[in-house]
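Asker: Handing you this structure, nothing more for now.
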Amino acid sequence: MILQALFLLLPFTSTAASNATEHNTNPYQQGCLYAKNLTQHIRVCNSEDPSTAAGEGVCRPSPMDYAEVRLVPADWESNFFGSWIIQIVLSELLHVPTSIEMGDPVSRLGLYHPDSPFDFPSGYAVQLEAVENANKFGGDCSKVNRAEGDGYQQCGHVLPEYWLALEPEVQSLVRNGILEPPQDLGMLATEGWYIPKYTALHDPSLLSYLGLQGDDNRRKLAQLFKRPVAWADYCRTESSTNCSISDKYAQRPPSEEEADNMFQEGDYTGYFRETTSNKCDYADLDFFFQQQRQLQLQEQALFWDDCRLALPVGLPRSGTGVSS
């Protein structure tokens, strides 16, 4: 219940601002609970605050002179929100300095930063290295090199959310006393099928994943999942003028460097065509699928309901990329 209440306090919207932070965009710089008038005390300072912060009334030194705790979130939002809740509990209720390790010296995500940045951390690759460095320096992250440049060292103590706890590397750190044994948080994770309303209105069968299964849907899959065509290939095989005259898809021929692009803002919208590789209502289906599973093994391919949804070798490759 406490965590639920704190989650509701997270600063997704803000209206209040104190005199000390009127020139900043973050009204929670002195503390979330303080800004909500739920405590009379501003938060304690952390290593990401400027040296003048305490004197300016933005934060206060820890009354117990606690060492700082650094959180090491992965690169998705629930990690961020969990880290903020931990910052509130430690910095505002328990008076423990708390900061967030991002994996580099520039990115920021801390709840109390004056400009409310929302950078993404480096992810799993940083987390284990950070706790190993903390252990190497006796838990004191102030001793690591956190200056900008190639010598930057990640350092942290808490992984708020980690999904690979059974991996050998993690278990090795547990056995060596570097990590505490991971514990369940009590939450159950689920993965679901989500579509926007306009998609449901256009095709109600997609309200369930079953809307993509069965023989009746083979034609729909063939029409939806066509093969993306590179810009030069489109001009060579689809355009009657080799793109010398602009059309609905291409405004001009590509340069040599642009030839393999699947999309080019303002110049090539991308084009998809049906091929025998994904023609799911082929007459002799059993023979067709046997052949397709043996051919073009170097291609990236997705099989769904025995329908081969083929993509060219090397995707993504364009100014923005193509996702399967």
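We label chains A, B, ... in the order they appear in the structure tokens, count residues from 1 in each chain, and number ligands from 1 in the order shown.
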So that I can check the surroundings of Pro253 (chain A), please list as a VMD selection string every protein, DNA and RNA residue that reaches within 9 Å of it, counting only C-alpha atoms and ignoring chain neighbours fewer than 2 positions away.

Answerer: chain A and resid 231 to 232 235 242 to 246 250 to 251 255 259 267

Asker: Would you mind exporting the chosen residues as a PDB file, in the first residue's frame, restricted to N, CA, C and O atoms?

Answerer:
ATOM      1  N   TRP A 231      15.149   0.665 -52.210  1.00  0.00           N
ATOM      2  CA  TRP A 231      14.886   1.789 -53.097  1.00  0.00           C
ATOM      3  C   TRP A 231      15.352   1.489 -54.536  1.00  0.00           C
ATOM      4  O   TRP A 231      14.590   1.639 -55.503  1.00  0.00           O
ATOM      5  N   ALA A 232      16.593   1.067 -54.703  1.00  0.00           N
ATOM      6  CA  ALA A 232      17.114   0.788 -56.049  1.00  0.00           C
ATOM      7  C   ALA A 232      16.346  -0.348 -56.701  1.00  0.00           C
ATOM      8  O   ALA A 232      16.067  -0.318 -57.915  1.00  0.00           O
ATOM      9  N   CYS A 235      13.070   0.973 -58.061  1.00  0.00           N
ATOM     10  CA  CYS A 235      13.237   1.715 -59.307  1.00  0.00           C
ATOM     11  C   CYS A 235      13.500   0.775 -60.487  1.00  0.00           C
ATOM     12  O   CYS A 235      13.017   0.998 -61.601  1.00  0.00           O
ATOM     13  N   ASN A 242      12.264   3.979 -64.150  1.00  0.00           N
ATOM     14  CA  ASN A 242      13.450   3.822 -63.309  1.00  0.00           C
ATOM     15  C   ASN A 242      13.601   5.002 -62.348  1.00  0.00           C
ATOM     16  O   ASN A 242      14.699   5.431 -62.034  1.00  0.00           O
ATOM     17  N   CYS A 243      12.441   5.528 -61.904  1.00  0.00           N
ATOM     18  CA  CYS A 243      12.353   6.629 -60.946  1.00  0.00           C
ATOM     19  C   CYS A 243      12.854   7.965 -61.503  1.00  0.00           C
ATOM     20  O   CYS A 243      13.054   8.918 -60.736  1.00  0.00           O
ATOM     21  N   SER A 244      13.039   8.066 -62.831  1.00  0.00           N
ATOM     22  CA  SER A 244      13.433   9.358 -63.397  1.00  0.00           C
ATOM     23  C   SER A 244      12.280  10.347 -63.326  1.00  0.00           C
ATOM     24  O   SER A 244      12.490  11.563 -63.359  1.00  0.00           O
ATOM     25  N   ILE A 245      11.049   9.820 -63.237  1.00  0.00           N
ATOM     26  CA  ILE A 245       9.866  10.637 -63.009  1.00  0.00           C
ATOM     27  C   ILE A 245       9.281  10.221 -61.666  1.00  0.00           C
ATOM     28  O   ILE A 245       9.100   9.034 -61.396  1.00  0.00           O
ATOM     29  N   SER A 246       8.993  11.194 -60.822  1.00  0.00           N
ATOM     30  CA  SER A 246       8.499  10.866 -59.484  1.00  0.00           C
ATOM     31  C   SER A 246       7.142  10.191 -59.556  1.00  0.00           C
ATOM     32  O   SER A 246       6.340  10.430 -60.473  1.00  0.00           O
ATOM     33  N   ALA A 250       8.470   6.905 -55.009  1.00  0.00           N
ATOM     34  CA  ALA A 250       9.832   7.437 -55.123  1.00  0.00           C
ATOM     35  C   ALA A 250       9.818   8.775 -55.848  1.00  0.00           C
ATOM     36  O   ALA A 250       9.188   8.907 -56.903  1.00  0.00           O
ATOM     37  N   GLN A 251      10.534   9.751 -55.295  1.00  0.00           N
ATOM     38  CA  GLN A 251      10.613  11.073 -55.910  1.00  0.00           C
ATOM     39  C   GLN A 251      11.781  11.183 -56.886  1.00  0.00           C
ATOM     40  O   GLN A 251      11.798  12.053 -57.751  1.00  0.00           O
ATOM     41  N   SER A 255      20.941   7.500 -54.674  1.00  0.00           N
ATOM     42  CA  SER A 255      22.382   7.518 -54.899  1.00  0.00           C
ATOM     43  C   SER A 255      22.933   6.126 -54.593  1.00  0.00           C
ATOM     44  O   SER A 255      22.214   5.246 -54.101  1.00  0.00           O
ATOM     45  N   ALA A 259      21.053   3.120 -52.135  1.00  0.00           N
ATOM     46  CA  ALA A 259      20.439   2.059 -52.931  1.00  0.00           C
ATOM     47  C   ALA A 259      19.699   1.020 -52.096  1.00  0.00           C
ATOM     48  O   ALA A 259      18.624   0.543 -52.470  1.00  0.00           O
ATOM     49  N   ASP A 267      11.760  11.225 -49.865  1.00  0.00           N
ATOM     50  CA  ASP A 267      12.209  10.765 -51.179  1.00  0.00           C
ATOM     51  C   ASP A 267      11.707   9.370 -51.544  1.00  0.00           C
ATOM     52  O   ASP A 267      11.412   9.111 -52.707  1.00  0.00           O
TER      53      ASP A 267
END

Asker: So which residues of region 18-242 of chain A fall under helix (DSSP H, G or I) by DSSP, listed as a PDB file with C-alpha atoms, in the first residue's frame?

Answerer:
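Result written to result-v7.pdb:
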ATOM      1  CA  ASN A  19      10.842  29.717  -4.231  1.00  0.00           C
ATOM      2  CA  ALA A  20      14.168  27.900  -4.452  1.00  0.00           C
ATOM      3  CA  THR A  21      13.277  26.258  -7.762  1.00  0.00           C
ATOM      4  CA  CYS A  32       8.391  14.976  -3.969  1.00  0.00           C
ATOM      5  CA  LEU A  33       6.808  14.701  -0.505  1.00  0.00           C
ATOM      6  CA  TYR A  34       7.912  18.233   0.383  1.00  0.00           C
ATOM      7  CA  ALA A  35       6.350  19.629  -2.798  1.00  0.00           C
ATOM      8  CA  GLU A  77      10.119   2.659 -17.871  1.00  0.00           C
ATOM      9  CA  SER A  78       9.055   0.467 -14.948  1.00  0.00           C
ATOM     10  CA  ASN A  79      12.722   0.480 -13.888  1.00  0.00           C
ATOM     11  CA  PHE A  80      12.659   4.271 -13.898  1.00  0.00           C
ATOM     12  CA  PHE A  81       9.499   4.539 -11.823  1.00  0.00           C
ATOM     13  CA  GLY A  82      10.759   1.938  -9.368  1.00  0.00           C
ATOM     14  CA  SER A  83      14.015   3.862  -9.032  1.00  0.00           C
ATOM     15  CA  TRP A  84      12.131   7.079  -8.311  1.00  0.00           C
ATOM     16  CA  ILE A  85      10.077   5.399  -5.595  1.00  0.00           C
ATOM     17  CA  ILE A  86      13.295   4.116  -4.009  1.00  0.00           C
ATOM     18  CA  GLN A  87      14.757   7.626  -4.228  1.00  0.00           C
ATOM     19  CA  ILE A  88      11.712   9.022  -2.411  1.00  0.00           C
ATOM     20  CA  VAL A  89      11.844   6.408   0.353  1.00  0.00           C
ATOM     21  CA  LEU A  90      15.596   6.729   0.918  1.00  0.00           C
ATOM     22  CA  SER A  91      16.164  10.437   0.277  1.00  0.00           C
ATOM     23  CA  GLU A  92      13.008  11.830   1.841  1.00  0.00           C
ATOM     24  CA  LEU A  93      11.908   9.351   4.515  1.00  0.00           C
ATOM     25  CA  TYR A 124      21.686  -4.853 -18.693  1.00  0.00           C
ATOM     26  CA  ALA A 125      25.257  -4.490 -19.932  1.00  0.00           C
ATOM     27  CA  VAL A 126      25.976  -1.840 -17.298  1.00  0.00           C
ATOM     28  CA  GLN A 127      24.189  -3.280 -14.281  1.00  0.00           C
ATOM     29  CA  LEU A 128      26.491  -6.156 -13.362  1.00  0.00           C
ATOM     30  CA  GLU A 129      29.660  -4.175 -14.077  1.00  0.00           C
ATOM     31  CA  ALA A 130      28.337  -1.429 -11.804  1.00  0.00           C
ATOM     32  CA  VAL A 131      27.855  -3.712  -8.807  1.00  0.00           C
ATOM     33  CA  GLU A 132      31.224  -5.366  -9.398  1.00  0.00           C
ATOM     34  CA  ASN A 133      32.899  -1.936  -9.309  1.00  0.00           C
ATOM     35  CA  ALA A 134      31.022  -1.042  -6.123  1.00  0.00           C
ATOM     36  CA  ASN A 135      32.302  -4.219  -4.526  1.00  0.00           C
ATOM     37  CA  LYS A 136      35.834  -3.513  -5.747  1.00  0.00           C
ATOM     38  CA  CYS A 141      31.111   4.814  -5.436  1.00  0.00           C
ATOM     39  CA  SER A 142      32.778   8.155  -4.707  1.00  0.00           C
ATOM     40  CA  LYS A 143      36.110   6.392  -5.298  1.00  0.00           C
ATOM     41  CA  PRO A 168      25.164 -18.002 -14.781  1.00  0.00           C
ATOM     42  CA  GLU A 169      26.922 -14.636 -14.537  1.00  0.00           C
ATOM     43  CA  VAL A 170      24.415 -13.407 -11.954  1.00  0.00           C
ATOM     44  CA  GLN A 171      24.557 -16.605  -9.929  1.00  0.00           C
ATOM     45  CA  SER A 172      28.358 -16.436  -9.952  1.00  0.00           C
ATOM     46  CA  LEU A 173      28.207 -12.957  -8.399  1.00  0.00           C
ATOM     47  CA  VAL A 174      25.813 -14.297  -5.768  1.00  0.00           C
ATOM     48  CA  ARG A 175      28.133 -17.193  -4.906  1.00  0.00           C
ATOM     49  CA  LYS A 197      -8.962   1.248 -31.282  1.00  0.00           C
ATOM     50  CA  TYR A 198      -8.846   2.176 -34.969  1.00  0.00           C
ATOM     51  CA  THR A 199      -7.291  -1.218 -35.764  1.00  0.00           C
ATOM     52  CA  ALA A 200     -10.040  -3.026 -33.869  1.00  0.00           C
ATOM     53  CA  LEU A 201     -12.699  -1.041 -35.720  1.00  0.00           C
ATOM     54  CA  HIS A 202     -11.058  -1.794 -39.064  1.00  0.00           C
ATOM     55  CA  PRO A 204     -12.541  -6.846 -35.307  1.00  0.00           C
ATOM     56  CA  SER A 205     -10.979 -10.287 -35.801  1.00  0.00           C
ATOM     57  CA  LEU A 206      -7.742  -8.834 -34.420  1.00  0.00           C
ATOM     58  CA  LEU A 207      -9.315  -8.358 -30.987  1.00  0.00           C
ATOM     59  CA  TYR A 209      -4.553 -13.281 -31.626  1.00  0.00           C
ATOM     60  CA  LEU A 210      -6.783 -16.007 -33.056  1.00  0.00           C
ATOM     61  CA  GLY A 211      -7.644 -13.510 -35.750  1.00  0.00           C
ATOM     62  CA  LEU A 212      -4.334 -14.413 -37.399  1.00  0.00           C
ATOM     63  CA  ASP A 215      -6.846 -21.359 -43.123  1.00  0.00           C
ATOM     64  CA  ASP A 216      -9.362 -18.522 -43.442  1.00  0.00           C
ATOM     65  CA  ASN A 217      -6.662 -16.008 -42.567  1.00  0.00           C
ATOM     66  CA  ARG A 218      -3.936 -17.137 -44.942  1.00  0.00           C
ATOM     67  CA  ARG A 219      -4.921 -14.560 -47.568  1.00  0.00           C
ATOM     68  CA  LYS A 220      -5.033 -11.804 -44.955  1.00  0.00           C
ATOM     69  CA  LEU A 221      -1.505 -12.660 -43.835  1.00  0.00           C
ATOM     70  CA  ALA A 222      -0.265 -12.745 -47.410  1.00  0.00           C
ATOM     71  CA  GLN A 223      -1.745  -9.315 -48.069  1.00  0.00           C
ATOM     72  CA  LEU A 224      -0.467  -7.782 -44.824  1.00  0.00           C
ATOM     73  CA  TRP A 231      14.886   1.789 -53.097  1.00  0.00           C
ATOM     74  CA  ALA A 232      17.114   0.788 -56.049  1.00  0.00           C
ATOM     75  CA  ASP A 233      15.230  -2.491 -56.436  1.00  0.00           C
ATOM     76  CA  TYR A 234      11.941  -0.596 -56.590  1.00  0.00           C
ATOM     77  CA  CYS A 235      13.237   1.715 -59.307  1.00  0.00           C
ATOM     78  CA  ARG A 236      14.623  -1.195 -61.301  1.00  0.00           C
ATOM     79  CA  THR A 237      11.634  -3.561 -61.077  1.00  0.00           C
TER      80      THR A 237
END

Asker: Excluding Gln30 (chain A) and residues on its chain fewer than 2 positions from it, collect all residues at most 7 Å away from it, counting only C-alpha atoms, and give them as an NGL selection string.

Answerer: :A and (28 or 34 or 42-43 or 58-59 or 112)

Asker: Please save all heavy atoms of the selected residues as a PDB file, in the first residue's frame.

Answerer:
ATOM      1  N   TYR A  28       9.863  19.378  -8.143  1.00  0.00           N
ATOM      2  CA  TYR A  28      10.156  18.374  -7.118  1.00  0.00           C
ATOM      3  C   TYR A  28      11.638  18.333  -6.779  1.00  0.00           C
ATOM      4  O   TYR A  28      12.116  17.365  -6.191  1.00  0.00           O
ATOM      5  CB  TYR A  28       9.673  16.999  -7.587  1.00  0.00           C
ATOM      6  CG  TYR A  28       8.192  16.975  -7.844  1.00  0.00           C
ATOM      7  CD1 TYR A  28       7.693  17.152  -9.128  1.00  0.00           C
ATOM      8  CD2 TYR A  28       7.288  16.808  -6.802  1.00  0.00           C
ATOM      9  CE1 TYR A  28       6.330  17.147  -9.367  1.00  0.00           C
ATOM     10  CE2 TYR A  28       5.922  16.798  -7.025  1.00  0.00           C
ATOM     11  CZ  TYR A  28       5.451  16.980  -8.310  1.00  0.00           C
ATOM     12  OH  TYR A  28       4.100  16.996  -8.540  1.00  0.00           O
ATOM     13  N   TYR A  34       7.880  16.831  -0.054  1.00  0.00           N
ATOM     14  CA  TYR A  34       7.912  18.233   0.383  1.00  0.00           C
ATOM     15  C   TYR A  34       7.045  19.093  -0.538  1.00  0.00           C
ATOM     16  O   TYR A  34       6.293  19.967  -0.074  1.00  0.00           O
ATOM     17  CB  TYR A  34       9.352  18.731   0.392  1.00  0.00           C
ATOM     18  CG  TYR A  34       9.519  20.152   0.856  1.00  0.00           C
ATOM     19  CD1 TYR A  34       9.464  20.475   2.216  1.00  0.00           C
ATOM     20  CD2 TYR A  34       9.731  21.181  -0.063  1.00  0.00           C
ATOM     21  CE1 TYR A  34       9.617  21.788   2.646  1.00  0.00           C
ATOM     22  CE2 TYR A  34       9.887  22.505   0.363  1.00  0.00           C
ATOM     23  CZ  TYR A  34       9.821  22.793   1.721  1.00  0.00           C
ATOM     24  OH  TYR A  34       9.967  24.100   2.140  1.00  0.00           O
ATOM     25  N   ILE A  42      12.943  19.092   3.504  1.00  0.00           N
ATOM     26  CA  ILE A  42      13.404  18.861   2.145  1.00  0.00           C
ATOM     27  C   ILE A  42      14.274  17.601   2.135  1.00  0.00           C
ATOM     28  O   ILE A  42      14.716  17.127   3.176  1.00  0.00           O
ATOM     29  CB  ILE A  42      14.179  20.071   1.595  1.00  0.00           C
ATOM     30  CG1 ILE A  42      15.414  20.363   2.464  1.00  0.00           C
ATOM     31  CG2 ILE A  42      13.270  21.289   1.516  1.00  0.00           C
ATOM     32  CD1 ILE A  42      16.281  21.492   1.908  1.00  0.00           C
ATOM     33  N   ARG A  43      14.523  17.080   0.955  1.00  0.00           N
ATOM     34  CA  ARG A  43      15.288  15.840   0.816  1.00  0.00           C
ATOM     35  C   ARG A  43      16.752  16.057   1.188  1.00  0.00           C
ATOM     36  O   ARG A  43      17.219  17.206   1.306  1.00  0.00           O
ATOM     37  CB  ARG A  43      15.205  15.348  -0.624  1.00  0.00           C
ATOM     38  CG  ARG A  43      15.874  16.308  -1.608  1.00  0.00           C
ATOM     39  CD  ARG A  43      15.904  15.761  -3.012  1.00  0.00           C
ATOM     40  NE  ARG A  43      16.468  16.728  -3.950  1.00  0.00           N
ATOM     41  CZ  ARG A  43      17.757  16.833  -4.231  1.00  0.00           C
ATOM     42  NH1 ARG A  43      18.641  16.040  -3.639  1.00  0.00           N
ATOM     43  NH2 ARG A  43      18.190  17.731  -5.102  1.00  0.00           N
ATOM     44  N   VAL A  58      18.127  23.819  -1.692  1.00  0.00           N
ATOM     45  CA  VAL A  58      17.562  22.802  -2.579  1.00  0.00           C
ATOM     46  C   VAL A  58      17.504  21.446  -1.878  1.00  0.00           C
ATOM     47  O   VAL A  58      16.576  20.664  -2.074  1.00  0.00           O
ATOM     48  CB  VAL A  58      18.391  22.695  -3.880  1.00  0.00           C
ATOM     49  CG1 VAL A  58      17.892  21.553  -4.758  1.00  0.00           C
ATOM     50  CG2 VAL A  58      18.323  24.007  -4.649  1.00  0.00           C
ATOM     51  N   CYS A  59      18.488  21.165  -1.053  1.00  0.00           N
ATOM     52  CA  CYS A  59      18.549  19.903  -0.324  1.00  0.00           C
ATOM     53  C   CYS A  59      19.326  20.147   0.974  1.00  0.00           C
ATOM     54  O   CYS A  59      19.798  21.260   1.228  1.00  0.00           O
ATOM     55  CB  CYS A  59      19.217  18.817  -1.165  1.00  0.00           C
ATOM     56  SG  CYS A  59      20.893  19.244  -1.711  1.00  0.00           S
ATOM     57  N   TYR A 112      15.243  14.319  -8.914  1.00  0.00           N
ATOM     58  CA  TYR A 112      15.399  15.665  -8.385  1.00  0.00           C
ATOM     59  C   TYR A 112      16.197  16.599  -9.297  1.00  0.00           C
ATOM     60  O   TYR A 112      16.474  17.736  -8.931  1.00  0.00           O
ATOM     61  CB  TYR A 112      16.075  15.607  -7.018  1.00  0.00           C
ATOM     62  CG  TYR A 112      15.411  14.636  -6.077  1.00  0.00           C
ATOM     63  CD1 TYR A 112      16.103  13.539  -5.562  1.00  0.00           C
ATOM     64  CD2 TYR A 112      14.076  14.802  -5.714  1.00  0.00           C
ATOM     65  CE1 TYR A 112      15.475  12.645  -4.702  1.00  0.00           C
ATOM     66  CE2 TYR A 112      13.447  13.910  -4.856  1.00  0.00           C
ATOM     67  CZ  TYR A 112      14.155  12.834  -4.353  1.00  0.00           C
ATOM     68  OH  TYR A 112      13.542  11.950  -3.502  1.00  0.00           O
TER      69      TYR A 112
END

Asker: Go ahead and compute the interatomic distance for CA of Ala74 (chain A) and CA of Leu179 (chain A), in Å to one decimal.

Answerer: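 Distance between the two atoms: 16.4 Å.
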
Asker: Neighbouring residues of Leu185 (chain A) were defined as those with any atom within 10 Å, considering only C-alpha atoms; residues of the same chain fewer than 2 positions away were excluded. Please report them as an NGL selection string.

Answerer: :A and (160-161 or 182-183 or 187-188)

Asker: Would you mind exporting the chosen residues as a PDB file, in the first residue's frame, restricted to all heavy atoms?

Answerer:
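out-v2.pdb was written with the following content:
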ATOM      1  N   PRO A 160      16.953  -2.266  -9.370  1.00  0.00           N
ATOM      2  CA  PRO A 160      15.538  -2.232  -8.983  1.00  0.00           C
ATOM      3  C   PRO A 160      14.689  -3.305  -9.645  1.00  0.00           C
ATOM      4  O   PRO A 160      13.723  -3.781  -9.054  1.00  0.00           O
ATOM      5  CB  PRO A 160      15.085  -0.829  -9.431  1.00  0.00           C
ATOM      6  CG  PRO A 160      16.342  -0.045  -9.574  1.00  0.00           C
ATOM      7  CD  PRO A 160      17.387  -1.012  -9.990  1.00  0.00           C
ATOM      8  N   GLU A 161      15.047  -3.672 -10.859  1.00  0.00           N
ATOM      9  CA  GLU A 161      14.252  -4.678 -11.581  1.00  0.00           C
ATOM     10  C   GLU A 161      15.189  -5.428 -12.510  1.00  0.00           C
ATOM     11  O   GLU A 161      15.845  -4.836 -13.362  1.00  0.00           O
ATOM     12  CB  GLU A 161      13.137  -3.991 -12.382  1.00  0.00           C
ATOM     13  CG  GLU A 161      12.224  -4.962 -13.120  1.00  0.00           C
ATOM     14  CD  GLU A 161      11.141  -4.243 -13.909  1.00  0.00           C
ATOM     15  OE1 GLU A 161      10.875  -3.050 -13.638  1.00  0.00           O
ATOM     16  OE2 GLU A 161      10.557  -4.866 -14.805  1.00  0.00           O
ATOM     17  N   PRO A 182      18.873 -12.694  -5.501  1.00  0.00           N
ATOM     18  CA  PRO A 182      17.695 -11.955  -5.985  1.00  0.00           C
ATOM     19  C   PRO A 182      16.420 -12.468  -5.332  1.00  0.00           C
ATOM     20  O   PRO A 182      16.254 -13.672  -5.103  1.00  0.00           O
ATOM     21  CB  PRO A 182      17.695 -12.232  -7.499  1.00  0.00           C
ATOM     22  CG  PRO A 182      19.113 -12.610  -7.808  1.00  0.00           C
ATOM     23  CD  PRO A 182      19.609 -13.335  -6.598  1.00  0.00           C
ATOM     24  N   GLN A 183      15.517 -11.554  -5.035  1.00  0.00           N
ATOM     25  CA  GLN A 183      14.250 -11.899  -4.401  1.00  0.00           C
ATOM     26  C   GLN A 183      13.086 -11.447  -5.271  1.00  0.00           C
ATOM     27  O   GLN A 183      13.165 -10.427  -5.951  1.00  0.00           O
ATOM     28  CB  GLN A 183      14.139 -11.223  -3.027  1.00  0.00           C
ATOM     29  CG  GLN A 183      15.226 -11.627  -2.052  1.00  0.00           C
ATOM     30  CD  GLN A 183      15.123 -13.085  -1.641  1.00  0.00           C
ATOM     31  OE1 GLN A 183      14.033 -13.600  -1.463  1.00  0.00           O
ATOM     32  NE2 GLN A 183      16.273 -13.737  -1.496  1.00  0.00           N
ATOM     33  N   MET A 187       5.252  -9.212  -7.617  1.00  0.00           N
ATOM     34  CA  MET A 187       4.431  -8.859  -8.768  1.00  0.00           C
ATOM     35  C   MET A 187       4.513  -9.949  -9.819  1.00  0.00           C
ATOM     36  O   MET A 187       5.520 -10.640  -9.946  1.00  0.00           O
ATOM     37  CB  MET A 187       4.894  -7.534  -9.366  1.00  0.00           C
ATOM     38  CG  MET A 187       4.770  -6.358  -8.423  1.00  0.00           C
ATOM     39  SD  MET A 187       5.354  -4.817  -9.155  1.00  0.00           S
ATOM     40  CE  MET A 187       7.118  -5.113  -9.212  1.00  0.00           C
ATOM     41  N   LEU A 188       3.439 -10.129 -10.552  1.00  0.00           N
ATOM     42  CA  LEU A 188       3.395 -11.101 -11.633  1.00  0.00           C
ATOM     43  C   LEU A 188       3.425 -10.361 -12.955  1.00  0.00           C
ATOM     44  O   LEU A 188       2.596  -9.486 -13.211  1.00  0.00           O
ATOM     45  CB  LEU A 188       2.126 -11.955 -11.545  1.00  0.00           C
ATOM     46  CG  LEU A 188       1.998 -12.822 -10.279  1.00  0.00           C
ATOM     47  CD1 LEU A 188       0.682 -13.575 -10.295  1.00  0.00           C
ATOM     48  CD2 LEU A 188       3.161 -13.808 -10.174  1.00  0.00           C
TER      49      LEU A 188
END

Asker: One number please: CA of Glu257 (chain A) to CA of Thr241 (chain A), in Å, one decimal.

Answerer: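 So the two atoms, CA of Glu257 (chain A) and CA of Thr241 (chain A), lie 20.5 Å apart.
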
Asker: Could you give me, as a ChimeraX atom specification, each residue of region 112-242 of chain A that DSSP assigns to strand (DSSP E or B) when run on this structure's backbone?

Answerer: /A:158,227-229

Asker: Rounded to one decimal in Å, what is the spacing between CA of Gln29 (chain A) and CA of Pro114 (chain A)?

Answerer: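 So the answer is 5.8 Å.
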
Asker: Given only C-alpha atoms as the basis, pick out the residue of A:Asp75, A:Asp65, A:Asp184, A:Asp203 nearest to Cys45 (chain A).

Answerer: A:Asp65

Asker: May I have the residues within 8 Å of His95 (chain A) as an mmCIF file with N, CA, C and O atoms, in the first residue's frame, using only C-alpha atoms and disregarding those fewer than 6 positions away in the same chain?

Answerer:
data_model
loop_
_atom_site.group_PDB
_atom_site.id
_atom_site.type_symbol
_atom_site.label_atom_id
_atom_site.label_comp_id
_atom_site.auth_asym_id
_atom_site.auth_seq_id
_atom_site.Cartn_x
_atom_site.Cartn_y
_atom_site.Cartn_z
ATOM 1 N N ARG A 43 14.523 17.080 0.955
ATOM 2 C CA ARG A 43 15.288 15.840 0.816
ATOM 3 C C ARG A 43 16.752 16.057 1.188
ATOM 4 O O ARG A 43 17.219 17.206 1.306
ATOM 5 N N VAL A 44 17.489 14.944 1.319
ATOM 6 C CA VAL A 44 18.925 15.044 1.536
ATOM 7 C C VAL A 44 19.633 15.136 0.186
ATOM 8 O O VAL A 44 19.114 14.700 -0.847
ATOM 9 N N SER A 62 22.819 14.749 4.740
ATOM 10 C CA SER A 62 22.233 13.660 5.508
ATOM 11 C C SER A 62 22.569 13.826 6.991
ATOM 12 O O SER A 62 23.744 13.951 7.348
ATOM 13 N N PRO A 63 21.576 13.853 7.872
ATOM 14 C CA PRO A 63 21.854 14.077 9.299
ATOM 15 C C PRO A 63 22.666 12.956 9.934
ATOM 16 O O PRO A 63 23.315 13.164 10.950
ATOM 17 N N MET A 64 22.619 11.764 9.328
ATOM 18 C CA MET A 64 23.360 10.629 9.878
ATOM 19 C C MET A 64 24.660 10.377 9.125
ATOM 20 O O MET A 64 25.334 9.397 9.377
ATOM 21 N N TYR A 66 25.105 9.306 6.132
ATOM 22 C CA TYR A 66 25.050 8.021 5.438
ATOM 23 C C TYR A 66 25.846 8.076 4.136
ATOM 24 O O TYR A 66 25.907 9.111 3.465
#
